[in-house]
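Everything on this sheet refers to the single structure shown next.
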Amino acid sequence: MKLLFTNIKELLQVRENSVLKLSGKEMNILPTIKNAWLLIEDDKISDYGKMDDLPEISSDKIIDLSGKMVLPSWCDSHTHIVYAGNREQEFGQRISGLSYEEIANNGGGILNSAKTLQNTSEEDLYDQSAKRLDEVIKLGTGAVEIKSGYGLTKDAELKMLRVIKKLQQNYNLPIKATFLGAHALPLEYKNKKSEYIEHVIQEILPAVAEENLAEYIDVFCEQGYFSVEDTNKLLKAAAKFNLRPKIHVNQFNAIGGVQVGVKNNALSVDHLEEMKTEDIEALRNSDTMPVALPGCSLFLSIPYTPARMIIDADLPLALATDFNPGSAPSGNMNLVVSLACIKMKMTPEEAINAATINGAYAMDLSKKVGSITKGKLANLIITKCIPSYTYIPYAFGSNPIEAIYLNGKLIK
Ligand code: NIG
Ligand code: FE
């Protein structure tokens, strides 16, 4: 099947030779072709160019995209899409003045979600999660990472990861699975944190590896959750099963999470709302992608990741949603791109790069998605008629998308 798009107002993120990631000043360059054509063959991008140079092409279908733009789908490298129930009661409590920490200490937070998930069947959990995945696909996400971490028992963690596996089997987009057994300390292990860590390492991790349910390991490295030492121990144990770290660090406190991530060859360190100069230094010359989650900053009213400090230090940066019931109940990458510009002072070019190719890097998918490059998957966003690509972050809260293609197929 050959599908030809013609008269594209602007084809965004076109890279003849794809890069793995973009850092520093490179992030401010978004290569585009105005008045372009794009050819898709089966599930892949096969060719593109300027309308003026459109060769004779035999295709099965031609679609005129006058006034519309085409860009690679968003790559959302940090989500918790698989969860049960919601926490809108806690949202109410926070509006009335309680902090995220106070709510968690009162039995809310991650443990609240874990209790609900433990009492939810695998089928029900799948249905609830699939609905969210359908929603984010319509919002332009064409590759996504999903974490466990709301199970916190062997059975419930495996249940979550099996649900992710089923989503991988049933959906037409790359989905990467991350094991986040050390997301919070279960009540049964109160004051027995080292026992829980041993349980994760000795019992849960080998079962996850045995069923081949995850590619990455995550830990919530934070005061009151898991320390740098705990994190180091968990990452070392996971490395024996070839799980590479993608970890939660520096959300509320900079306690050395970035450093322990980089030392353990993390693919990404995520959150980074609190950043010290040492953290920036640790990231230099590393292969670790810093990931910002501005939806979480918006929802919890906490600082935004200092994007300027990171990019101006010549580092790369990716953007993701953190879609979860407690700190970011939205999987809308369009909004994330807007927030990055409005609140983090990223340019539209930087934000689009951060949400596509750098997001792909943070899932080991740069060779497959994240740019308009021959041979990459035809996972695409077709915009409505918009005046310029800057309009995407500018018109915050409105949906710029007219159509979505995954693997070269229109998603209805
Ligand atoms: O990424 N910070 C840790 N985990 C999630 C939130 C968890 C929750 O509140 O349910 C996050 O923000
Ligand atoms: Fe998260």
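Note on naming: chains are A, B, ... as they come in the structure tokens, residues start from 1 per chain, ligands start from 1 in the order shown.
All residues, whether protein, DNA or RNA, that have an atom at most 9 Å from ligand 2 (counting only C-alpha atoms and all ligand atoms) are His78, Thr79, His80, Lys147, Phe220, Ile247, His248, Asp270, His271, Leu293, Cys296, Thr321, Asp322, Phe323, Asn324, Ser327 and Ala328 of chain A.
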For this session: Within range 115-170 of chain A, find each residue whose DSSP state, derived from the backbone, is strand (DSSP E or B), and express the selection as JSON, numbers by chain.
Result: {"A": [141, 142, 143, 144, 145, 146, 147]}
Please produce a file of those selected residues containing all heavy atoms, as a PDB file, in the first residue's frame.
```
ATOM      1  N   THR A 141       0.080  10.862  20.444  1.00  0.00           N
ATOM      2  CA  THR A 141       1.194  10.039  20.926  1.00  0.00           C
ATOM      3  C   THR A 141       1.338   8.805  20.043  1.00  0.00           C
ATOM      4  O   THR A 141       0.384   8.058  19.860  1.00  0.00           O
ATOM      5  CB  THR A 141       0.972   9.653  22.402  1.00  0.00           C
ATOM      6  OG1 THR A 141       1.007  10.863  23.174  1.00  0.00           O
ATOM      7  CG2 THR A 141       2.045   8.710  22.904  1.00  0.00           C
ATOM      8  N   GLY A 142       2.558   8.597  19.547  1.00  0.00           N
ATOM      9  CA  GLY A 142       2.791   7.470  18.638  1.00  0.00           C
ATOM     10  C   GLY A 142       3.866   6.520  19.118  1.00  0.00           C
ATOM     11  O   GLY A 142       4.271   5.604  18.403  1.00  0.00           O
ATOM     12  N   ALA A 143       4.338   6.724  20.346  1.00  0.00           N
ATOM     13  CA  ALA A 143       5.266   5.803  21.008  1.00  0.00           C
ATOM     14  C   ALA A 143       5.193   6.161  22.485  1.00  0.00           C
ATOM     15  O   ALA A 143       5.152   7.342  22.831  1.00  0.00           O
ATOM     16  CB  ALA A 143       6.691   5.966  20.508  1.00  0.00           C
ATOM     17  N   VAL A 144       5.165   5.144  23.337  1.00  0.00           N
ATOM     18  CA  VAL A 144       4.920   5.452  24.752  1.00  0.00           C
ATOM     19  C   VAL A 144       5.613   4.451  25.676  1.00  0.00           C
ATOM     20  O   VAL A 144       5.755   3.273  25.333  1.00  0.00           O
ATOM     21  CB  VAL A 144       3.378   5.486  25.014  1.00  0.00           C
ATOM     22  CG1 VAL A 144       2.738   4.115  24.847  1.00  0.00           C
ATOM     23  CG2 VAL A 144       3.042   6.055  26.386  1.00  0.00           C
ATOM     24  N   GLU A 145       6.071   4.952  26.792  1.00  0.00           N
ATOM     25  CA  GLU A 145       6.611   4.092  27.844  1.00  0.00           C
ATOM     26  C   GLU A 145       5.548   4.005  28.930  1.00  0.00           C
ATOM     27  O   GLU A 145       4.861   4.999  29.207  1.00  0.00           O
ATOM     28  CB  GLU A 145       7.896   4.717  28.405  1.00  0.00           C
ATOM     29  CG  GLU A 145       8.551   3.919  29.521  1.00  0.00           C
ATOM     30  CD  GLU A 145       8.285   4.464  30.917  1.00  0.00           C
ATOM     31  OE1 GLU A 145       7.340   5.262  31.100  1.00  0.00           O
ATOM     32  OE2 GLU A 145       9.006   4.097  31.834  1.00  0.00           O
ATOM     33  N   ILE A 146       5.400   2.820  29.530  1.00  0.00           N
ATOM     34  CA  ILE A 146       4.430   2.647  30.617  1.00  0.00           C
ATOM     35  C   ILE A 146       5.110   1.910  31.772  1.00  0.00           C
ATOM     36  O   ILE A 146       5.801   0.910  31.562  1.00  0.00           O
ATOM     37  CB  ILE A 146       3.184   1.848  30.158  1.00  0.00           C
ATOM     38  CG1 ILE A 146       2.597   2.419  28.853  1.00  0.00           C
ATOM     39  CG2 ILE A 146       2.126   1.844  31.260  1.00  0.00           C
ATOM     40  CD1 ILE A 146       1.409   1.620  28.305  1.00  0.00           C
ATOM     41  N   LYS A 147       4.867   2.397  32.992  1.00  0.00           N
ATOM     42  CA  LYS A 147       5.504   1.827  34.178  1.00  0.00           C
ATOM     43  C   LYS A 147       4.528   0.980  34.995  1.00  0.00           C
ATOM     44  O   LYS A 147       3.333   1.265  34.995  1.00  0.00           O
ATOM     45  CB  LYS A 147       6.000   2.957  35.092  1.00  0.00           C
ATOM     46  CG  LYS A 147       7.008   3.845  34.443  1.00  0.00           C
ATOM     47  CD  LYS A 147       7.225   5.117  35.268  1.00  0.00           C
ATOM     48  CE  LYS A 147       8.004   6.162  34.499  1.00  0.00           C
ATOM     49  NZ  LYS A 147       9.314   5.742  34.021  1.00  0.00           N
TER      50      LYS A 147
END
```
Exercise. Near Glu123 in chain A, counting only C-alpha atoms, which residues have an atom at most 12 Å away, once you skip same-chain residues fewer than 6 positions from it, shown as a count of residues only?
Worked result: 12
For this session: Determine, counting only C-alpha atoms, which protein, DNA and RNA residues have an atom within 9 Å of an atom of range 329-339 of chain A; residues of the same chain fewer than 6 positions away are not included. Present the result as a ChimeraX atom specification.
Result: /A:74-76,79,81,86-87,132-133,135-136,139-141,293-296,298-299,319-323,345-346,348,351-352,354-355,392-400
For this session: Fewer than 5 positions away in the same chain doesn't count, so skip those; otherwise give me all residues within 10 Å of range 357-359 of chain A, counting only C-alpha atoms, as an MDAnalysis selection string.
Result: chainID A and resid 13 18:23 27 72:78 143:145 268 289:291 316:320 350:352 364:372
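Take the candidates A:Val219, A:Leu213, A:Ala36, A:Leu4 and check each one against Ser58 in chain A using only C-alpha atoms; the shortest distance goes to A:Leu4.
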